[in-house]
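Novice: Have a look at this one.
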Amino acid sequence: MSNKILCDISHALCEKYSMDVSIAERFSIDICLSLLFKPEYTSLRESIAPEEIDIIQFAKTFFMCILVTDIASPKSVEQSIARFQLCEEQASIFPSFDDLCVISKYINHLFDLVGLDTDVITRYPDEFTVSLDRLEVCVRNEHMMLLSDISHLLQGWANFVKWNFRLCELTFQSNLSFYLHVILALMLMSDNLN
Amino acid sequence: MCKSFVEQARLNGDPVHYGRALAMEAEILGRLGNFEDALEIVERIKPIYNIKTQHETICKAYGSDRVAQAFSHSVNVYTALGRNEEALNTCKYIMEEIIPFSDPKNVHNSFCLLYSVIISLKENGLSQIAQAVFQKRIITPFEEYFGPGGSTFSKPLFRPISVLLELQIQKEQVIETIEEYTTWALDENFSETSISAQEAAFANFSATPFALLSEICFSLGKIHHDIEKKYRLIQKAISWMEKSDESTRCIAYPNMYAKKKLDIMKTYLDEMSSAGDIYSAMTSQEWTNLGYAESELVAATDDRKLMNVRAAILLEHHLDRLLKSRNPDAKVTEVTKAQLVKFVDVLSHSYKGAKFHSYSHVIHVTTSMNKLISFTEIRDPMISFTLVFSALFHDAGHTGEFHWRCFIITIFFKIN
């Protein structure tokens, strides 16, 4: 279900996250980090991020990697293109980098999930400052995520066919369902009008 | 000699000794593999054996009820002949008609009577019943009459039997105590001499104690996701079962049992691969044919367990790099490995079988990410770990469906 539809039908997730962008992605982040921060995964969590600074770096990268997979939102795609252009030495046309940061809107959500307080911004100011260097890293990671997510389109014929066939099947079934429901809705409306 | 002995006992006229002599003959015939003849002898015991009047005298003369034990031996004989229903009926007869009338203080006797019953129930998928009867008729009476510090010949087998039954009940699910059991099963200090006396004695009753230890290792090996430990457990299982095979050369049923299990275990080992093999195969496959390489180690699959193993191996590799970047001597601990495996398993269930945004899809994405990382010069292991981690969980909780129904109904109600 796309993020737009989630909001159109007032899905609980849309209400929970209160914004109409990247809802499904934030839900994935929630599921994953909520689990990782349970007591039974202490050893795993501490292996990944033993110190506060490690938690910050891990959480930032993880948030960014998941959020950038929301390619159905025009605004997200615009931002992605802008970040890429910026790193292609067109920095002069962008007055500020801040708007291009993937996670800035969700920073409180990030703090909540990994148990950090807002004071960390003061303690580690560099980690929360948007710079060209950091954006370059972000763009590289972002494109690795996007590339991996659609890798079946960039590999051999067998992978291309296999995954696109699955996507076609899904689309076909959904469209079939769509038309059936259009008919159902029209019938219901017709009854109401009569 | 056996037949002469039986004849002399018959002439003596005491049903206690005659029954004992017949039981011995049945046991010998069973050991030699003359199963049909053994069953005929057991049929001759039935009309002359009365547990209510003879049990105490038999135990006094022979230490345990060596006549009733003929029925326990017949469980193996029926199993060897492929007559499972009769084997289970005999188990039921022993549990309901013999054990309740046996002296509960004679735990050794109860153990001898129930050993083949427990193994037969286990083999027939009735481990829960086996566990209940083992607890009620052996463990509880032992604790009551002997106390925890007490001793009986079969006591060293109490824990192996309990663990084996627990593992069988859990089937192929990962259990909380897996690490504790694995450490115990792989303990090099646990030498075969500590139960060699029981090995020889209980080989007469059913699968041998070495065979039970072997099955514990095998059951643990099958559910363990740490590939190194999995290897060690399966290899140890084979080693124990080979010893059981060796020690039962002259005893038909436990030898059949050992050979059959050994075949299963060796086949399983042949189909296994190490974590290193899997990681190397996943990383070295061609980008264009990813998932379609010839090696079975990387071939695309929809088998969740196999996908979990591959995902955990990839994550463990990148986590190991991350740990070594902080301390060159560090490595992923056993506890962390276990948590990683469980974490992957739990999150894999958040993928609800969608056609496209499925667990298979994220495994493909993760494998692609791992391959991409090998193309790049990412030096920060935190980033490479997080990229693989993110690839694996980026669609967690995805419904994977277009919910036109909700959409249309919403529009319908808005119009109205």
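Going by the structure tokens order, chains are called A, B, ..., each with residues numbered from 1, while ligands are numbered from 1 in the order shown.
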Could you work out which residues of chain A fall inside 8 Å of chain B? Count only C-alpha atoms, and format the result as a PyMOL selection string.

Specialist: chain A and resi 1-2+5+8-9+24-25+27-29+31-32+35-36+40-41+43-44+47-48+58+61-62+65-66+69+141+144-145+148-151+154-156+158-159+163+166-167+169-170+174+177-178+181-182+185+189

Novice: Would you please extract all alpha helix (DSSP H) residues from segment 28-62 of chain A, as assigned by DSSP on the backbone, and give them as a list in words?

Specialist: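 Assigned to alpha helix (DSSP H), within segment 28-62 of chain A: Ser28, Ile29, Asp30, Ile31, Cys32, Leu33, Ser34, Leu35, Leu36, Thr42, Ser43, Leu44, Arg45, Glu46, Ser47, Ile48, Glu52, Ile53, Asp54, Ile55, Ile56, Gln57, Phe58, Ala59, Lys60, Thr61 and Phe62 of chain A.
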
Novice: Can you tell me how far atom CA of Arg31 of chain B sits from atom CA of Ser116 of chain B, in Å to one decimal?

Specialist: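 Answer for the atom CA of Arg31 of chain B to atom CA of Ser116 of chain B separation: 14.0 Å.
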
Novice: I want to know what sits within 12 Å of Tyr62 of chain B, based on only C-alpha atoms, with residues of the same chain fewer than 3 positions away left out; could you give that as JSON, numbers by chain?

Specialist: {"B": [16, 17, 19, 20, 21, 54, 55, 56, 57, 58, 59, 65, 66, 67, 68, 69, 108, 109]}

Novice: Neighbours of Asp302 of chain B within 9 Å (only C-alpha atoms; same-chain residues fewer than 3 positions away dropped), as number ranges by chain?

Specialist: B: 305-307, 359-360

Novice: Restricting the output to C-alpha atoms, write the selected residues as a compact mmCIF listing (two decimals), in the first residue's frame.

Specialist:
```txt
# COMPACT_ATOMS: atom_id res chain seq x y z
CA LYS B 305 15.16 -20.90 7.12
CA LEU B 306 17.77 -21.03 4.39
CA MET B 307 17.33 -17.33 3.69
CA TYR B 359 11.37 -11.71 2.30
CA SER B 360 12.85 -13.23 -0.89
```

Novice: Please provide the set of residues having any atom within 12 Å of Tyr18 of chain B, restricted to only C-alpha atoms, with same-chain residues fewer than 5 positions apart removed, written as a list in words.

Specialist: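 Using only C-alpha atoms, the neighbours found are Cys2, Lys3, Ser4, Phe5, Val6, Glu7, Gln8, Ala9, Arg10, Leu11, Asn12, Gly13, Ala23, Met24, Glu25, Ile41, Arg44, Ile45, Lys46, Pro47, Ile48, Tyr49, Gln54, Ile58, Arg66 and Val67 of chain B.
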
Novice: If we count only C-alpha atoms and set the cut-off at 12 Å, which residues sit around segment 234-236 of chain B, ignoring sequence neighbours fewer than 5 positions away in its own chain? Please answer as an MDAnalysis selection string.

Specialist: chainID B and resid 182 185:188 210:211 213:224 227:229 241:243 261:262 264:273

Novice: When distances are computed from only C-alpha atoms, which of A:Val120, A:Cys101, A:Val68, A:Val21 shows the smallest separation from Ile53 of chain A?

Specialist: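 Between A:Val120, A:Cys101, A:Val68, A:Val21, the residue approaching Ile53 of chain A most closely is A:Val120.
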
Novice: Kindly indicate which residue among A:Ile56, A:Ile81, A:Leu146, A:Val161 lies nearest to Leu110 of chain A, using only C-alpha atoms for the distances.

Specialist: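 Of A:Ile56, A:Ile81, A:Leu146, A:Val161, the one nearest Leu110 of chain A is A:Ile56, counting only C-alpha atoms.
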